[in-house]
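A.B. asks: Next up is a structure, given as structure tokens.
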Amino acid sequence: MSTHGENSREFKFKIMELHFKDNISVKVLSEKFAIPEQTIYTWRREYRKYGEDAL
């Protein structure tokens, strides 16, 4: 489990920003921040569907 406050809105937004704006892959983000890839995929799906309000 990550110690980066993975439940915080700001942290999730940071991850999505790195993924979408900086084109960093889910795999790299998962390794860098010690977050399961599936968690990031879930955040991405919610972000795409609902935007920032999803986070």
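Ordering of the structure tokens sets the chain letters (A, B, ...), residue numbers begin anew at 1 in every chain, and ligands are numbered from 1 in the order given.
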Tell me which protein, DNA and RNA residues are within 10 Å of Thr39 of chain A, counting only C-alpha atoms, leaving out same-chain ones fewer than 4 positions away, and put them as number ranges by chain.
C.D. replies: A: 6, 26, 30, 35, 43-45
A.B. asks: Have a look at atom CA of Arg9 of chain A and atom CA of Leu55 of chain A and let me know their distance in Å, one decimal.
C.D. replies: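 Pair atom CA of Arg9 of chain A / atom CA of Leu55 of chain A returns 5.3 Å.
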A.B. asks: Provide the atom CA of Val28 of chain A to atom CA of Tyr47 of chain A distance in Å, to one decimal place.
C.D. replies: 18.6 Å
A.B. asks: With a distance cut-off of 12 Å and only C-alpha atoms, select the neighbouring residues of Lys12 of chain A, excluding the residue or stretch itself and same-chain residues fewer than 2 positions from it, and output the selection as a PyMOL selection string.
C.D. replies: chain A and resi 4-10+14-19+29+33+35+39-44+46-47+51-55
A.B. asks: Could the residues in this selection be written to a file with N, CA and C atoms, as a compact mmCIF listing (two decimals), in the first residue's frame?
C.D. replies:
```
# COMPACT_ATOMS: atom_id res chain seq x y z
N HIS A 4 1.50 7.56 0.23
CA HIS A 4 1.36 8.89 -0.34
C HIS A 4 -0.04 9.48 -0.19
N GLY A 5 -0.84 8.90 0.65
CA GLY A 5 -2.19 9.43 0.82
C GLY A 5 -3.03 9.18 -0.41
N GLU A 6 -3.01 7.94 -0.91
CA GLU A 6 -3.66 7.64 -2.17
C GLU A 6 -5.15 7.94 -2.19
N ASN A 7 -5.74 8.16 -1.03
CA ASN A 7 -7.15 8.51 -0.99
C ASN A 7 -7.39 10.01 -1.12
N SER A 8 -6.34 10.80 -1.07
CA SER A 8 -6.54 12.24 -1.17
C SER A 8 -6.82 12.65 -2.61
N ARG A 9 -7.70 13.57 -2.75
CA ARG A 9 -8.08 14.09 -4.07
C ARG A 9 -6.86 14.68 -4.78
N GLU A 10 -6.04 15.40 -4.04
CA GLU A 10 -4.87 16.05 -4.64
C GLU A 10 -3.89 15.03 -5.20
N LYS A 14 -2.85 14.50 -9.09
CA LYS A 14 -1.44 14.54 -9.50
C LYS A 14 -1.12 13.34 -10.39
N ILE A 15 -1.58 12.16 -10.00
CA ILE A 15 -1.32 10.96 -10.79
C ILE A 15 -1.97 11.07 -12.16
N MET A 16 -3.21 11.54 -12.21
CA MET A 16 -3.89 11.69 -13.50
C MET A 16 -3.21 12.73 -14.38
N GLU A 17 -2.76 13.80 -13.76
CA GLU A 17 -2.06 14.83 -14.51
C GLU A 17 -0.76 14.27 -15.11
N LEU A 18 -0.02 13.52 -14.34
CA LEU A 18 1.21 12.90 -14.85
C LEU A 18 0.89 11.93 -15.99
N HIS A 19 -0.20 11.22 -15.84
CA HIS A 19 -0.57 10.24 -16.86
C HIS A 19 -1.03 10.91 -18.16
N LEU A 29 3.94 4.82 -13.40
CA LEU A 29 3.34 5.47 -12.24
C LEU A 29 3.14 4.48 -11.09
N PHE A 33 5.14 5.25 -7.60
CA PHE A 33 4.38 5.65 -6.42
C PHE A 33 3.88 4.47 -5.58
N ILE A 35 1.68 2.11 -6.23
CA ILE A 35 0.22 1.99 -6.30
C ILE A 35 -0.07 0.85 -7.26
N THR A 39 -5.53 0.06 -9.47
CA THR A 39 -6.03 1.26 -8.79
C THR A 39 -5.94 2.46 -9.71
N ILE A 40 -4.83 2.59 -10.39
CA ILE A 40 -4.65 3.72 -11.32
C ILE A 40 -5.62 3.60 -12.49
N TYR A 41 -5.82 2.39 -12.99
CA TYR A 41 -6.80 2.19 -14.06
C TYR A 41 -8.21 2.59 -13.61
N THR A 42 -8.54 2.28 -12.38
CA THR A 42 -9.84 2.68 -11.83
C THR A 42 -9.96 4.19 -11.76
N TRP A 43 -8.92 4.84 -11.23
CA TRP A 43 -8.94 6.30 -11.17
C TRP A 43 -9.07 6.88 -12.57
N ARG A 44 -8.34 6.32 -13.53
CA ARG A 44 -8.37 6.83 -14.90
C ARG A 44 -9.76 6.70 -15.50
N GLU A 46 -12.64 6.56 -13.91
CA GLU A 46 -13.52 7.52 -13.24
C GLU A 46 -13.22 8.95 -13.69
N TYR A 47 -11.95 9.26 -13.85
CA TYR A 47 -11.56 10.60 -14.29
C TYR A 47 -12.07 10.88 -15.70
N GLY A 51 -14.48 13.49 -14.82
CA GLY A 51 -13.56 14.60 -14.69
C GLY A 51 -13.02 14.72 -13.27
N GLU A 52 -12.57 15.89 -12.91
CA GLU A 52 -11.98 16.11 -11.59
C GLU A 52 -12.93 15.78 -10.45
N ASP A 53 -14.22 15.89 -10.67
CA ASP A 53 -15.20 15.59 -9.63
C ASP A 53 -15.15 14.13 -9.18
N ALA A 54 -14.64 13.26 -10.05
CA ALA A 54 -14.56 11.83 -9.71
C ALA A 54 -13.51 11.57 -8.66
N LEU A 55 -12.52 12.44 -8.59
CA LEU A 55 -11.41 12.20 -7.67
C LEU A 55 -11.74 12.75 -6.32
```
